[in-house]
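I have placed the structure first, in the form of C-alpha cells, so that the comments after it can refer back to it.
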Protein chains: 2
Amino acid sequence: MKKLGEIIYLPPEDMPEAWYNVLPDLPEPLPPWKDPQTGPSRIKALKDIYVNKALEYDENYKDKWIPIPEKVRQAYLHAGRPTPLNRAWRLERALETPAHIYYKWEGTSPTGSYKIISNLAQGEWAQQEGYDRLVTCSSGSQGSALCYAAAMLGLKAVVFINASAYDARPGRVLHYKQMGAEVVRTPSETTEIGRQMLKEDPRQPGSLLTSAREMLEVLSKEKVRRSAYVMGSVNTHNILFMTVMGLELKKQLDLAGEDGVDVIVDCAGAGGNWSGICLPFVKDRLDGKTKTRFVACQPWDFACFSDGEYKYVDAFITNPLIKVYSLGWRKDFPQIEAKGIEIPNGAIIPSYLRRIGIMEPRKYREKEVAQAAFLWIRTEGYIPALEATYAVKGGIDEAIRAREEGKKKVIVVNISGHGFYDTEGYKAYLQMCNA
Amino acid sequence: MKKLGEIIYLPPEDMPEAWYNVLPDLPEPLPPWKDPQTGPSRIKALKDIYVNKALEYDENYKDKWIPIPEKVRQAYLHAGRPTPLNRAWRLERALETPAHIYYKWEGTSPTGSYKIISNLAQGEWAQQEGYDRLVTCSSGSQGSALCYAAAMLGLKAVVFINASAYDARPGRVLHYKQMGAEVVRTPSETTEIGRQMLKEDPRQPGSLLTSAREMLEVLSKEKVRRSAYVMGSVNTHNILFMTVMGLELKKQLDLAGEDGVDVIVDCAGAGGNWSGICLPFVKDRLDGKTKTRFVACQPWDFACFSDGEYKYVDAFITNPLIKVYSLGWRKDFPQIEAKGIEIPNGAIIPSYLRRIGIMEPRKYREKEVAQAAFLWIRTEGYIPALEATYAVKGGIDEAIRAREEGKKKVIVVNISGHGFYDTEGYKAYLQMCNA
C-alpha cells in the first residue's frame with residue numbers, strides 16, 4: 001500500500017520498449033482512406049509530405065508491437081517519461097467517494113503536454129529518411145512539441161501559425177522561438193498563395209487552412225525534399241505512439257496494487273489522446289476479460305462522438321478522405337476556450353471504437369467544466385490544460401456516481417498537459433464561475 | 001551506469017524525513033537580530049506576525065535534524081518530491097566538456113517552483129498554532145506557493161501585490177485566483193494606510209513596501225489572531241526547509257554512481273535557494289573532507305555577495321536588523337528581467353558563508369545570461385525560470401573550465417523552477433540575443 005500523498009512512479013527501466021499497435025487486435029480492418037472524387041490523388045501525394053515509415057503503419061500495419069528506436073527511448077527518458085500517476089486523495093475526500101481516483105499527469109513534459117511522444121518518434125523517422133526540417137501547422141501544444149523534437153534531434157523546425165492565433169497566443173509563439181524554430185505568421189509574404197491572400201485583405205486573420213496551404217506550397221517547391229510534415233494527433237500513426245501512456249498506466253496500476261481499472265476518462269477532440277491512454281486496455285474488454293469503460297469527454301458544441309454521423313469526410317486538406325464521426329462543417333461553430341479540442345471530426349481509430357460500442361462519449365458545457373476545474377485545482381493543486389478540464393469533469397462525475405452506487409471503483413483520469421499557457425482561457429473560466 | 005537520457009529519480013520512500021539545521025555545524029553562532037535604535041522593538045513584535053515554531057529556529061535552534069511533520073511529508077510527496085535530477089547529456093556534448101553536468105529540476109512542482117517547500121511547512125505549523133489564514137506580500141512564485149500551501153492544508157490565503165506588478169503579471173495573479181486566494185492590489189481601499197496613499201495619488205504603482213504596510217495594518221487590527229505572515233526565502237527558517245533539495249541531491253548523486261560533487265552552482269538573490277541546495281554539503285567542506293565549491297550567481301547590478309558590505313541592515317520593514325552582505329539602498333537600481341533575484345541584501349546564513357569563504361560569488365550581465373539560457377533550452381529542452389538562467393550561465397562556465405583544465409568534474413546546477421510564467425522576460429532575452 002502506498003503512503004497518502006505518494007505518487008506512483010514507474011522506474012525508467014520499466015518504460016515501454018515498444019509501441020502497441022491495436023490494429024491486429026481489432027475485430028475487422030479499419031475503413032481505408034479514399035481519394036476525393038475530383039482532383040489529384042491525395043493518397044499518392046502522402047508520401048511526398050509525410051514520413052514514410054509513419055504511413056506504413058497507417059496502412060494496416062500487421063505487427064502488434066513496434067520497437068521504440070533507442071534514440072527515441074532516450075529522448076522519452078530525458079523528457080521525464082514514464083510520467084507520474086498521481087492519486088487524487090484530497091479530491092476523493094472532498095467528494096466523499098469510495099472510488100480510488102488516479103490521474104496520469106503529462107504536465108511534467110518539457111513542453112507541458114503529451115504531444116512530444118508523437119513528435120519525437122516522427123522526427124527520428126524523418127531523420128532516418130534524410131529530412132533535415134520538421135514542419136507543422138499549429139497554434140498550440142503541437143507546435144511546441146515539434147520545436148522541442150527538432151531541437152532534441154538536431155533538426156530545423158518551422159511552425160506555420162495563422163495571424164489571429166499568433167497575436168492571441170504570445171506565450172506559445174515565444175516557446176517556438178525559445179526552442180530556436182522559424183515561425184511563419186500566415187498568410188505571409190513568403191509564398192505565392194500567402195501574397196495573394198494578403199493582397200485581397202492585408203489584415204486577414206488566417207486560419208488553420210491558410211497555414212496548411214502555405215506549408216504545402218513550401219513543401220511542393222523544394223527541389224530536394226528536406227521538410228517532413230508532422231501532424232500531432234489526427235493520423236493513425238500518431239495514435240500508435242501515444243500508446244506509451246496507456247502501457248505505462250497498466251504497469252503503474254499494478255504498482256499501486258489495483259486489480260485493473262473500472263473506468264478511464266479522458267478529453268477528446270479527434271480522440272488521439274483518448275486512444276493513447278485507452279488502447280492498451282481495449283483487447284481485454286473486447287475479449288470479455290474486463291468490463292473497463294472508456295469515457296471520452298467533449299465540448300458540448302464539438303461533440304462529434306455524441307452528435308456526429310459516421311461517414312467519409314474531408315477532414316484536412318493534406319489528407320485523403322477518412323471514415324469518422326463528424327459534425328460536418330458549420331459556419332456558426334461557437335468559439336470555446338479549449339482550442340485543442342475545438343474539432344468537428346474524430347480520428348479513424350476512436351471513431352471505429354465508438355462505432356462498436358467501446359467508447360462511451362459524453363459532452364459537457366463550458367461552465368460545468370470550469371466549476372469542476374476549480375474544484376480540482378483547489379484540492380489537487382495541479383493546473384490542468386484547458387482541454388484536460390473536460391476529463392476532470394468526467395472523472396468527478398464518475399466518482400460521484402461511485403459514491404451514489406456505494407462502489408469502490410478505480411477511476412483513471414488522463415491529464416494531457418499543464419495549463420500554464422492557458423491564461424486567457426482560465427480568466428474566462430473564472431468569470432463563468434464568478435470565482 | 002545510467003542509460004543516456006535517463007533521469008535520476010529518488011524513490012518516494014527515500015525522501016528526507018527531517019530538515020537539516022546547519023547552525024550547530026557552523027564554527028560560530030550567527031550574528032543575532034538587532035532592534036533599530038528608535039521605535040518599538042521589532043524582535044518582540046515578530047511573535048505577533050510569524051509562526052512561532054519558525055521563529056524558534058531563527059534563534060539558534062540546537063537540534064541538527066528537525067523531523068518533517070507527516071502532513072508536510074505527504075504534501076511534499078503529492079507535490080512531486082523528490083524532484084528529478086537530470087543529466088545534461090546534450091549540453092555536455094555541445095560544450096565538448098569532460099564534465100558530468102547534472103541539474104536538479106524543481107520545475108515539476110505544481111506551482112512551478114521550489115517555493116512550496118517552505119510554504120507547506122510554515123502553513124502546517126501555522127495551522128497547529130491555530131491560525132486559519134496565510135498572508136504574504138509577493139508578485140511572483142512566493143505568492144503561488146502560499147496559495148498552493150493554503151489550499152492543500154485547507155486554510156485561507158491572502159496575497160498582497162502592488163498595483164504595477166498586478167498589472168504587469170496577469171499570469172501570476174491568475175494563478176493566485178485559480179487557487180482560490182484573495183488578492184489585494186495595493187494600495188487598496190481596504191486599509192487606512194491604503195486609502196491615505198490612494199488619496200495622495202490614486203494611480204500610484206505601489207511597491208513591496210506598500211504591500212507590507214497594508215498587510216501589517218490588517219494583521220494589527222485582528223482582534224483574534226488568525227493570519228500568519230509567511231515569507232518565502234529571507235528568514236533563516238525558510239532556509240531550514242529548503243535543505244530537502246540538497247539532501248535529495250546527495251542521495252541522487254550516489255544513485256548516479258558519482259563519488260561526490262566538485263561544484264554546485266545556483267542563482268542567488270538573498271541566497272535562500274542557494275543555501276537549500278548547498279548546506280547539506282557544507283559540513284564536509286568545513287571539515288576538510290571535500291573540496292566542493294559553492295558558486296552563487298547574481299545579476300551584475302544586484303551582486304550583493306560580490307560587491308556588498310557585510311553589515312547590519314534594515315532589510316525588510318517587518319524584520320529586525322540583520323547582519324548580511326548588502327548593497328545598501330540606491331535610488332537608481334536598474335530594472336532587470338529576473339525579478340526574483342532583484343534584491344540588494346543577502347540572507348543571514350549565505351552572507352555568513354560568504355564571509356568565511358565557503359560561498360564563491362559571481363556576477364553576470366543579462367545578455368550573457370540570455371545567451372546561455374538559449375543554448376541550454378535548445379540542447380536540454382527544459383525552460384528554466386528567469387532567475388535560474390543565472391545558474392545556467394554559471395554551470396556552463398564551469399563546464400567550459402573543466403574542458404580547458406581537461407578534468408572530469410561533477411557539476412550540479414540547481415534549477416529553481418520552470419519559466420512558463422516568464423513570457424515578458426524571455427521576450428526581452430530574445431531581443432538581447434537577436435534570436
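Ligands are numbered from 1 in the order shown, residues from 1 within each chain, and chains are lettered A, B, ... in the order they appear in the C-alpha cells.
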Can you build me a table of chain B residues sitting at most 6 Å from chain A, with the closest atom pair per residue and its distance in Å to one decimal, using only C-alpha atoms, sorted by chain and residue number, as a Markdown table?
```
| residue | atom | partner | partner_atom | distance |
| --- | --- | --- | --- | --- |
| B:Gly5 | CA | A:His78 | CA | 4.5 |
| B:Glu6 | CA | A:Leu77 | CA | 5.1 |
| B:Gln74 | CA | A:Gly5 | CA | 4.7 |
| B:Leu77 | CA | A:Glu6 | CA | 5.0 |
| B:His78 | CA | A:Gly5 | CA | 4.5 |
| B:Thr108 | CA | A:Thr108 | CA | 5.6 |
| B:Pro110 | CA | A:Tyr382 | CA | 5.0 |
| B:Ala151 | CA | A:Arg378 | CA | 5.6 |
| B:Gly171 | CA | A:Thr423 | CA | 6.0 |
| B:Met179 | CA | A:Arg378 | CA | 5.4 |
| B:Arg378 | CA | A:Met179 | CA | 5.4 |
| B:Tyr382 | CA | A:Pro110 | CA | 5.0 |
| B:Thr423 | CA | A:Gly171 | CA | 6.0 |
```
Okay, now the selection with N, CA, C and O atoms, as a JSON list (two decimals), in the first residue's frame?
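Once everything was written out, this is selection-v3.json:
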```json
[["chain", "number", "residue", "atom", "x", "y", "z"],
["B", 5, "GLY", "N", 20.24, 9.74, -21.34],
["B", 5, "GLY", "CA", 18.90, 10.33, -21.32],
["B", 5, "GLY", "C", 18.17, 10.11, -20.02],
["B", 5, "GLY", "O", 17.27, 10.85, -19.67],
["B", 6, "GLU", "N", 18.57, 9.07, -19.31],
["B", 6, "GLU", "CA", 17.82, 8.70, -18.10],
["B", 6, "GLU", "C", 17.95, 9.76, -17.00],
["B", 6, "GLU", "O", 19.02, 10.32, -16.78],
["B", 74, "GLN", "N", 3.60, 14.18, 3.39],
["B", 74, "GLN", "CA", 2.58, 13.75, 2.42],
["B", 74, "GLN", "C", 2.40, 14.81, 1.34],
["B", 74, "GLN", "O", 2.26, 14.50, 0.16],
["B", 77, "LEU", "N", 5.31, 14.75, -1.05],
["B", 77, "LEU", "CA", 5.20, 13.62, -1.97],
["B", 77, "LEU", "C", 4.19, 13.93, -3.07],
["B", 77, "LEU", "O", 4.44, 13.70, -4.26],
["B", 78, "HIS", "N", 3.05, 14.46, -2.65],
["B", 78, "HIS", "CA", 1.99, 14.75, -3.61],
["B", 78, "HIS", "C", 2.41, 15.86, -4.59],
["B", 78, "HIS", "O", 1.91, 15.93, -5.71],
["B", 108, "THR", "N", 8.99, 20.53, -11.79],
["B", 108, "THR", "CA", 7.86, 19.60, -11.69],
["B", 108, "THR", "C", 6.87, 20.01, -10.61],
["B", 108, "THR", "O", 5.79, 19.44, -10.51],
["B", 110, "PRO", "N", 3.90, 21.67, -8.61],
["B", 110, "PRO", "CA", 2.58, 22.11, -9.11],
["B", 110, "PRO", "C", 2.50, 23.63, -9.32],
["B", 110, "PRO", "O", 1.68, 24.09, -10.10],
["B", 151, "ALA", "N", -4.31, 26.06, 0.08],
["B", 151, "ALA", "CA", -5.33, 25.17, -0.48],
["B", 151, "ALA", "C", -5.11, 23.73, -0.03],
["B", 151, "ALA", "O", -6.05, 23.03, 0.33],
["B", 171, "GLY", "N", -0.48, 36.49, -15.47],
["B", 171, "GLY", "CA", -0.40, 35.03, -15.27],
["B", 171, "GLY", "C", -0.31, 34.67, -13.80],
["B", 171, "GLY", "O", -0.95, 33.73, -13.32],
["B", 179, "MET", "N", -6.16, 29.26, -7.48],
["B", 179, "MET", "CA", -6.02, 28.50, -6.24],
["B", 179, "MET", "C", -7.04, 28.93, -5.19],
["B", 179, "MET", "O", -7.07, 28.37, -4.09],
["B", 378, "ARG", "N", 17.88, 24.97, -25.98],
["B", 378, "ARG", "CA", 17.92, 24.28, -27.28],
["B", 378, "ARG", "C", 18.72, 22.98, -27.24],
["B", 378, "ARG", "O", 18.71, 22.21, -28.19],
["B", 382, "TYR", "N", 14.38, 21.99, -21.55],
["B", 382, "TYR", "CA", 13.60, 22.47, -20.40],
["B", 382, "TYR", "C", 13.77, 23.98, -20.26],
["B", 382, "TYR", "O", 14.89, 24.49, -20.35],
["B", 423, "THR", "N", 6.97, 35.06, -19.62],
["B", 423, "THR", "CA", 6.79, 35.44, -21.02],
["B", 423, "THR", "C", 7.51, 36.75, -21.35],
["B", 423, "THR", "O", 8.31, 36.81, -22.29]]
```
Report task. Would you return as a PyMOL selection string the members of range 133-237 of chain A that DSSP assigns to alpha helix (DSSP H) on this structure's backbone? Result -> chain A and resi 141-153+163-168+170-178+192-200+208-220+236-237
Keeping C-alpha atoms for every residue in the selection just given, could you write it to a file as a PDB file, in the first residue's frame?
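The file below, again32.pdb, is the result:
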```pdb
ATOM      1  CA  SER A 141       0.932  22.323 -27.988  1.00  0.00           C
ATOM      2  CA  GLN A 142       1.643  20.557 -31.294  1.00  0.00           C
ATOM      3  CA  GLY A 143       3.882  23.437 -32.352  1.00  0.00           C
ATOM      4  CA  SER A 144       5.741  23.335 -29.043  1.00  0.00           C
ATOM      5  CA  ALA A 145       6.246  19.597 -29.330  1.00  0.00           C
ATOM      6  CA  LEU A 146       7.521  19.850 -32.893  1.00  0.00           C
ATOM      7  CA  CYS A 147      10.035  22.563 -31.966  1.00  0.00           C
ATOM      8  CA  TYR A 148      11.178  20.511 -28.997  1.00  0.00           C
ATOM      9  CA  ALA A 149      11.569  17.318 -31.024  1.00  0.00           C
ATOM     10  CA  ALA A 150      13.526  19.138 -33.713  1.00  0.00           C
ATOM     11  CA  ALA A 151      15.878  20.713 -31.174  1.00  0.00           C
ATOM     12  CA  MET A 152      16.460  17.386 -29.421  1.00  0.00           C
ATOM     13  CA  LEU A 153      17.228  15.600 -32.698  1.00  0.00           C
ATOM     14  CA  ALA A 163      -2.220  35.641 -37.847  1.00  0.00           C
ATOM     15  CA  SER A 164      -5.043  35.839 -35.297  1.00  0.00           C
ATOM     16  CA  ALA A 165      -3.681  32.911 -33.269  1.00  0.00           C
ATOM     17  CA  TYR A 166      -0.187  34.412 -33.474  1.00  0.00           C
ATOM     18  CA  ASP A 167      -1.458  37.624 -31.965  1.00  0.00           C
ATOM     19  CA  ALA A 168      -3.660  35.954 -29.341  1.00  0.00           C
ATOM     20  CA  PRO A 170       2.163  35.242 -27.361  1.00  0.00           C
ATOM     21  CA  GLY A 171       3.254  32.575 -24.866  1.00  0.00           C
ATOM     22  CA  ARG A 172       3.121  29.843 -27.483  1.00  0.00           C
ATOM     23  CA  VAL A 173       4.869  31.877 -30.146  1.00  0.00           C
ATOM     24  CA  LEU A 174       7.533  32.692 -27.590  1.00  0.00           C
ATOM     25  CA  HIS A 175       8.056  28.992 -26.857  1.00  0.00           C
ATOM     26  CA  TYR A 176       8.540  28.188 -30.545  1.00  0.00           C
ATOM     27  CA  LYS A 177      11.176  30.923 -30.707  1.00  0.00           C
ATOM     28  CA  GLN A 178      12.809  29.919 -27.443  1.00  0.00           C
ATOM     29  CA  GLU A 192       2.587  32.891 -53.671  1.00  0.00           C
ATOM     30  CA  ILE A 193      -0.633  31.873 -52.025  1.00  0.00           C
ATOM     31  CA  GLY A 194       0.209  33.987 -48.989  1.00  0.00           C
ATOM     32  CA  ARG A 195       0.983  37.069 -51.070  1.00  0.00           C
ATOM     33  CA  GLN A 196      -2.271  36.582 -52.976  1.00  0.00           C
ATOM     34  CA  MET A 197      -4.276  36.353 -49.752  1.00  0.00           C
ATOM     35  CA  LEU A 198      -2.593  39.433 -48.313  1.00  0.00           C
ATOM     36  CA  LYS A 199      -3.363  41.343 -51.495  1.00  0.00           C
ATOM     37  CA  GLU A 200      -7.049  40.532 -51.057  1.00  0.00           C
ATOM     38  CA  LEU A 208      -5.518  26.510 -39.979  1.00  0.00           C
ATOM     39  CA  LEU A 209      -6.275  26.190 -43.681  1.00  0.00           C
ATOM     40  CA  THR A 210      -4.228  29.284 -44.540  1.00  0.00           C
ATOM     41  CA  SER A 211      -1.324  27.774 -42.678  1.00  0.00           C
ATOM     42  CA  ALA A 212      -1.755  24.408 -44.378  1.00  0.00           C
ATOM     43  CA  ARG A 213      -1.867  25.955 -47.842  1.00  0.00           C
ATOM     44  CA  GLU A 214       1.295  27.961 -47.346  1.00  0.00           C
ATOM     45  CA  MET A 215       3.037  24.970 -45.849  1.00  0.00           C
ATOM     46  CA  LEU A 216       2.058  22.775 -48.781  1.00  0.00           C
ATOM     47  CA  GLU A 217       3.352  25.358 -51.237  1.00  0.00           C
ATOM     48  CA  VAL A 218       6.674  25.456 -49.416  1.00  0.00           C
ATOM     49  CA  LEU A 219       6.876  21.653 -49.464  1.00  0.00           C
ATOM     50  CA  SER A 220       5.935  21.412 -53.138  1.00  0.00           C
ATOM     51  CA  THR A 236      -3.485   6.670 -37.146  1.00  0.00           C
ATOM     52  CA  HIS A 237       0.288   6.613 -36.651  1.00  0.00           C
TER      53      HIS A 237
END
```
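Near Lys53 in chain B, within a cut-off of 10 Å and counting only C-alpha atoms, sit the residues Lys47, Asp58, Gln122, Trp125, Ala126, Gln128, Glu129 and His237 of chain B, with same-chain residues fewer than 5 positions away left out.
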Query raised in the report: Using only C-alpha atoms, which residue out of A:Gly140, A:Pro350, A:Gly288, A:Gly130 lies closest to Asn235 in chain A?
Result: A:Pro350
Query raised in the report: If we count only C-alpha atoms, what is near Lys291 in chain B at a cut-off of 12 Å, once residues fewer than 2 positions away on the same chain are taken out, given as a ChimeraX atom specification?
Result: /B:260-264,281-289,293-294,358,409-410
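Taking CA of Leu26 in chain B and CA of Asn319 in chain B as the two end points, the separation is 23.3 Å.
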Query raised in the report: Which polymer residues have any atom within 6 Å of an atom of Leu386 in chain B, counting only C-alpha atoms, with same-chain residues fewer than 2 positions away left out, as a PyMOL selection string?
Result: chain B and resi 338+388-389
Could you turn the residues from that selection into a file that holds N, CA, C and O atoms, as a short mmCIF file (atom, residue, chain, number, x, y, z; two decimals), in the first residue's frame?
```
data_model
loop_
_atom_site.label_atom_id
_atom_site.label_comp_id
_atom_site.auth_asym_id
_atom_site.auth_seq_id
_atom_site.Cartn_x
_atom_site.Cartn_y
_atom_site.Cartn_z
N ALA B 338 14.90 39.18 -14.24
CA ALA B 338 14.76 38.15 -13.22
C ALA B 338 14.37 38.79 -11.89
O ALA B 338 15.19 38.99 -10.99
N ALA B 388 16.74 31.24 -12.64
CA ALA B 388 17.62 30.09 -12.79
C ALA B 388 18.55 30.21 -13.99
O ALA B 388 19.55 29.48 -14.08
N THR B 389 18.27 31.13 -14.91
CA THR B 389 19.17 31.26 -16.06
C THR B 389 20.55 31.76 -15.60
O THR B 389 21.55 31.53 -16.28
#
```
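Put simply, CA of Ser275 in chain B is 29.1 Å away from CA of Gly406 in chain B.
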